[in-house]
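Notes to accompany the following structure.
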Amino acid sequence: MTKAGATIEAGGREVRVSSPDRVIFPSTERTPQITKLQVVEYYVAVGEGILRALRERPTTLERWPKGVHEGMTLSTREGHKGEAFYQKRVPKGAPDYLETARIEFPSGRHADEICPTELAVVAWCAHMGTITFHPWPVRGSDVDHPDELRIDLDPQEGTDFGEAQRVAAEARGLLGELGLRGFPKTSGGRGIHIYVRIEPRWSFTEVRHAAIAFGRELSRRMPDLVTTKWWKEERGERVFVDYNQNARDRTIASPYSIRAKPGAPVSAPVLWDELPEVAPEDFTVASMPARFAAVGDHFVEIDDTVHSLEPLLEMYERDEEGDMPYPPDYPKMPGEPKRVQPSRDRDRKQAE
């Protein structure tokens with residue numbers, strides 16, 4: 001290795017890493033500093049797991065080419081410009097072995113996104129400053145029919161990972177009642193994600209409806225702790241089941257993805273029985289390779305059983321509440337209720 005570059009073997013290919021000594025994560029009281037080369041080495045070390053999560057999936061890249069340092073910001077999809085950004089289209093200089101898949105956004109526009117088929121692609125993306133991988137819940141062969149239901153348990157202000165753990169335990173029971181097998185992981189932050197492999201025969205709209213039904217049932221069972229309210233002013237100190245993560249063009253950080261937070265935490269697959277005992281800070285770039293070498297990928301069986309969404313779609317149809325709001329950047333969707341913040345709607349009515 002030289003300061004100009006290094007080479008690393010990834011899945012039988014040699015991948016060059018420029019500026020290998022660049023500090024991507026500064027050291028903290030609990031964790032050492034992480035360089036660019038160490039980020040690439042991390043993804044190679046968990047290669048079987050990260051490739052299972054990304055294989056043949058159109059993937060948005062969250063790139064922090066200058067590293068994750070205090071004061072740096074991430075450009076938002078609403079247009080705010082920061083030092084980091086989401087890359088939806090293939091970066092320039094991509095290797096010839098990199099494959100793509102064309103996806104369509106709610107606006108009707110489209111893009112050719114990276115569609116990883118081998119570990120060298122992941123390593124190359126990391127060399128390009130990718131910290132987090134955001135795969136679509138579809139395969140490149142059929143980009144309109146998701147094969148994953150993603151349940152996002154997002155603690156709101158006043159709640160934390162402990163509340164998400166309690167909700168996840170209830171979610172596990174509900175999944176069992178529905179005959180569904182869920183695979184949990186930490187988000188890399190305060191939340192918990194649960195994945196369910198489904199048959200790829202439903203639209204994004206239908207999968208989103210299934211997530212709404214699941215969240216509503218959780219909120220009925222735990223009304224003081226769970227909410228599906230889209231507007232933050234209505235959520236209170238509860239765990240929000242973010243059903244819109246199943247809408248077209250909404251993605252979740254993949255299993256094993258690094259998160260852009262101090263200490264380089266990662267989104268870690270866990271067993272249901274260990275979930276009550278873990279903490280998000282247990283899983284970092286520094287610690288995960290040893291865990292992976294010892295226990296392997298806890299998502300290894302996710303493709304073994306493919307489920308039907310019919311039970312959840314039947315629940316949705318029986319529910320008189322109907323659909324819920326989409327994110328603000330979406331066009332008005334069929335069947336969607338009025339997309340107005342409740343407090344503003346009240347003020348408008350009073351003014352009339």
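Residue numbering restarts at 1 in every chain; chains get A, B, ... in the order shown in the structure tokens, and ligands count up from 1 in that same order.
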
Can you build me a table of stretch 190-233 of chain A residues sitting at most 9 Å from stretch 292-303 of chain A, with the closest atom pair per residue and its distance in Å to one decimal, using only C-alpha atoms, sorted by chain and residue number, as a tab-separated table?
```
residue	atom	partner	partner_atom	distance
A:Tyr195	CA	A:Ile302	CA	8.5
A:Val196	CA	A:Ile302	CA	7.7
A:Arg197	CA	A:Ile302	CA	6.5
```

Would you mind telling me which residue in A:Pro269, A:Val239, A:Thr159, A:His69 lies nearest to A:Arg22 when using only C-alpha atoms? A:His69

What's the 8 Å shell around stretch 182-187 of chain A, counting only C-alpha atoms, without same-chain residues fewer than 5 positions away, as a list in words? Arg172, Leu175, Ile192, His193, Ile194, Tyr195, Val196, Arg197, Ala253, Pro255, Val266, Ser267, Ala268, Pro269, Val270, Leu271, Trp272, Pro280, Phe299 and Ile302 of chain A

What gap, in Å, lies between atom CA of A:Pro327 and atom CA of A:Gly67?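 Those two atoms sit 29.1 Å apart.
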
Could you pull out the strand (DSSP E) residues of stretch 1-183 of chain A, going by DSSP on the backbone, and write them as a ChimeraX atom specification? /A:5-10,13-18,23-25,34-35,59-63,85-87,100-104,110-114,130-135,148-155,183

Write a file of the selected residues as a compact mmCIF listing (two decimals), in the first residue's frame, keeping C-alpha atoms.
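So the final result, stored in again-v1.txt, reads:
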```txt
# COMPACT_ATOMS: atom_id res chain seq x y z
CA GLY A 5 -3.51 3.94 -3.32
CA ALA A 6 -3.98 0.36 -2.17
CA THR A 7 -5.38 -2.79 -3.71
CA ILE A 8 -7.76 -5.20 -2.02
CA GLU A 9 -9.10 -8.56 -3.17
CA ALA A 10 -12.89 -8.76 -3.25
CA ARG A 13 -11.23 -9.32 -8.27
CA GLU A 14 -8.60 -6.74 -7.41
CA VAL A 15 -10.17 -3.41 -6.42
CA ARG A 16 -8.04 -0.28 -6.16
CA VAL A 17 -8.64 2.03 -3.20
CA SER A 18 -7.47 5.61 -3.63
CA VAL A 23 -9.87 9.36 7.92
CA ILE A 24 -13.54 8.64 7.35
CA PHE A 25 -14.58 8.38 11.02
CA ILE A 34 -11.63 4.44 10.75
CA THR A 35 -9.84 5.06 7.44
CA THR A 59 -29.25 0.41 -4.89
CA THR A 60 -28.96 4.08 -3.97
CA LEU A 61 -25.54 5.01 -2.58
CA GLU A 62 -25.11 7.33 0.38
CA ARG A 63 -21.69 8.83 -0.28
CA PHE A 85 -25.20 13.08 -0.99
CA TYR A 86 -27.40 10.28 -2.32
CA GLN A 87 -26.24 8.82 -5.63
CA THR A 100 -27.44 -1.75 -13.52
CA ALA A 101 -31.22 -1.86 -13.31
CA ARG A 102 -33.64 0.80 -14.52
CA ILE A 103 -36.09 2.03 -11.92
CA GLU A 104 -38.95 4.51 -12.16
CA HIS A 110 -36.30 6.97 -14.32
CA ALA A 111 -32.68 6.14 -13.53
CA ASP A 112 -30.21 3.33 -14.09
CA GLU A 113 -29.04 2.38 -10.60
CA ILE A 114 -26.19 0.16 -9.52
CA THR A 130 -20.15 5.05 -0.05
CA ILE A 131 -20.91 4.64 3.64
CA THR A 132 -24.47 3.34 3.48
CA PHE A 133 -26.22 1.18 0.87
CA HIS A 134 -29.95 1.77 0.31
CA PRO A 135 -31.32 -1.12 -1.77
CA GLU A 148 -39.57 -7.67 0.84
CA LEU A 149 -42.02 -6.24 3.36
CA ARG A 150 -40.00 -3.85 5.55
CA ILE A 151 -41.28 -2.95 9.01
CA ASP A 152 -39.52 0.15 10.32
CA LEU A 153 -39.87 0.78 14.07
CA ASP A 154 -38.78 4.40 14.54
CA PRO A 155 -38.65 5.76 18.13
CA PHE A 183 -35.82 -11.16 10.35
```

Near-A:Ala94 list (12 Å; only C-alpha atoms; drop same-chain fewer than 4 positions) as a PyMOL selection string: chain A and resi 15+89-90+98-100+113-114+120-125+127-128

Between atom CA of A:Glu310 and atom CA of A:Met333, what is the distance, to one decimal in Å?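 Between these atoms lies a distance of 22.2 Å.
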
Give the answer as one residue: which of A:Gly11, A:Pro95, A:Pro137, A:Pro116 has the shortest atom-to-atom distance to A:Arg55, using only C-alpha atoms? A:Pro116

What gap, in Å, lies between atom CA of A:Arg250 and atom CA of A:Glu177?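 Interatomic distance here is 27.5 Å.
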
Who sits within 9 Å of A:Phe214, only C-alpha atoms, same chain under 4 positions skipped, as a PyMOL selection string: chain A and resi 151+171+174-175+209-210+218-219+241+243+312+315-316

Please save C-alpha atoms of the selected residues as a compact mmCIF listing (two decimals), in the first residue's frame.
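Dumped to selection05.txt:
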```
# COMPACT_ATOMS: atom_id res chain seq x y z
CA ILE A 151 -41.28 -2.95 9.01
CA ALA A 171 -44.32 -7.52 16.36
CA LEU A 174 -48.09 -10.75 15.52
CA LEU A 175 -45.95 -12.06 12.68
CA HIS A 209 -51.06 -1.20 2.46
CA ALA A 210 -49.83 -4.39 4.13
CA LEU A 218 -49.56 -3.09 16.56
CA SER A 219 -50.95 0.28 17.62
CA VAL A 241 -44.28 2.33 12.39
CA TYR A 243 -45.32 2.38 6.61
CA LEU A 312 -52.29 -8.46 5.81
CA MET A 315 -56.73 -6.87 7.34
CA TYR A 316 -56.25 -3.66 5.38
```

In stretch 9-119 of chain A, DSSP helix (DSSP H, G or I) residues written as number ranges by chain: A: 36-45, 47-54, 119

Just to be explicit: take each residue in the selection above, keep C-alpha atoms, and write the result as a PDB file, in the first residue's frame.
```pdb
ATOM      1  CA  LYS A  36     -11.147   4.680   3.927  1.00  0.00           C
ATOM      2  CA  LEU A  37      -9.244   1.424   3.466  1.00  0.00           C
ATOM      3  CA  GLN A  38     -10.748   0.072   6.682  1.00  0.00           C
ATOM      4  CA  VAL A  39     -14.245   0.851   5.395  1.00  0.00           C
ATOM      5  CA  VAL A  40     -13.536  -1.183   2.245  1.00  0.00           C
ATOM      6  CA  GLU A  41     -11.959  -3.966   4.320  1.00  0.00           C
ATOM      7  CA  TYR A  42     -15.027  -4.016   6.548  1.00  0.00           C
ATOM      8  CA  TYR A  43     -17.368  -4.598   3.617  1.00  0.00           C
ATOM      9  CA  VAL A  44     -15.142  -7.381   2.315  1.00  0.00           C
ATOM     10  CA  ALA A  45     -15.085  -8.990   5.783  1.00  0.00           C
ATOM     11  CA  GLY A  47     -19.073  -9.849   2.184  1.00  0.00           C
ATOM     12  CA  GLU A  48     -21.467 -12.787   2.295  1.00  0.00           C
ATOM     13  CA  GLY A  49     -23.947 -10.789   4.378  1.00  0.00           C
ATOM     14  CA  ILE A  50     -23.803  -7.484   2.525  1.00  0.00           C
ATOM     15  CA  LEU A  51     -24.034  -9.213  -0.837  1.00  0.00           C
ATOM     16  CA  ARG A  52     -27.063 -11.210   0.293  1.00  0.00           C
ATOM     17  CA  ALA A  53     -28.693  -7.906   1.231  1.00  0.00           C
ATOM     18  CA  LEU A  54     -27.829  -6.164  -2.058  1.00  0.00           C
ATOM     19  CA  LEU A 119     -18.595  -8.324  -3.905  1.00  0.00           C
TER      20      LEU A 119
END
```

Pick from A:Met222, A:Tyr256, A:Phe105, A:Asp242, whichever lies nearest to A:Arg291 using only C-alpha atoms: A:Tyr256

Of the candidates A:Phe161, A:Tyr326, A:Trp64, A:Trp230, which shows the shortest atom-to-atom distance to A:Arg208, using only C-alpha atoms?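 Nearest candidate to A:Arg208 out of A:Phe161, A:Tyr326, A:Trp64, A:Trp230: A:Tyr326.
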
Find the residue from A:Gly158, A:Ser141, A:Pro265, A:Lys338 that sits nearest to A:Arg235; use only C-alpha atoms when measuring.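 Closest residue, counting only C-alpha atoms: A:Gly158.
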
Pick from A:Pro58, A:Arg216, A:Thr205, A:Arg166, whichever lies nearest to A:Gly335 using only C-alpha atoms: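 The shortest atom-to-atom distance to A:Gly335 comes from A:Thr205.
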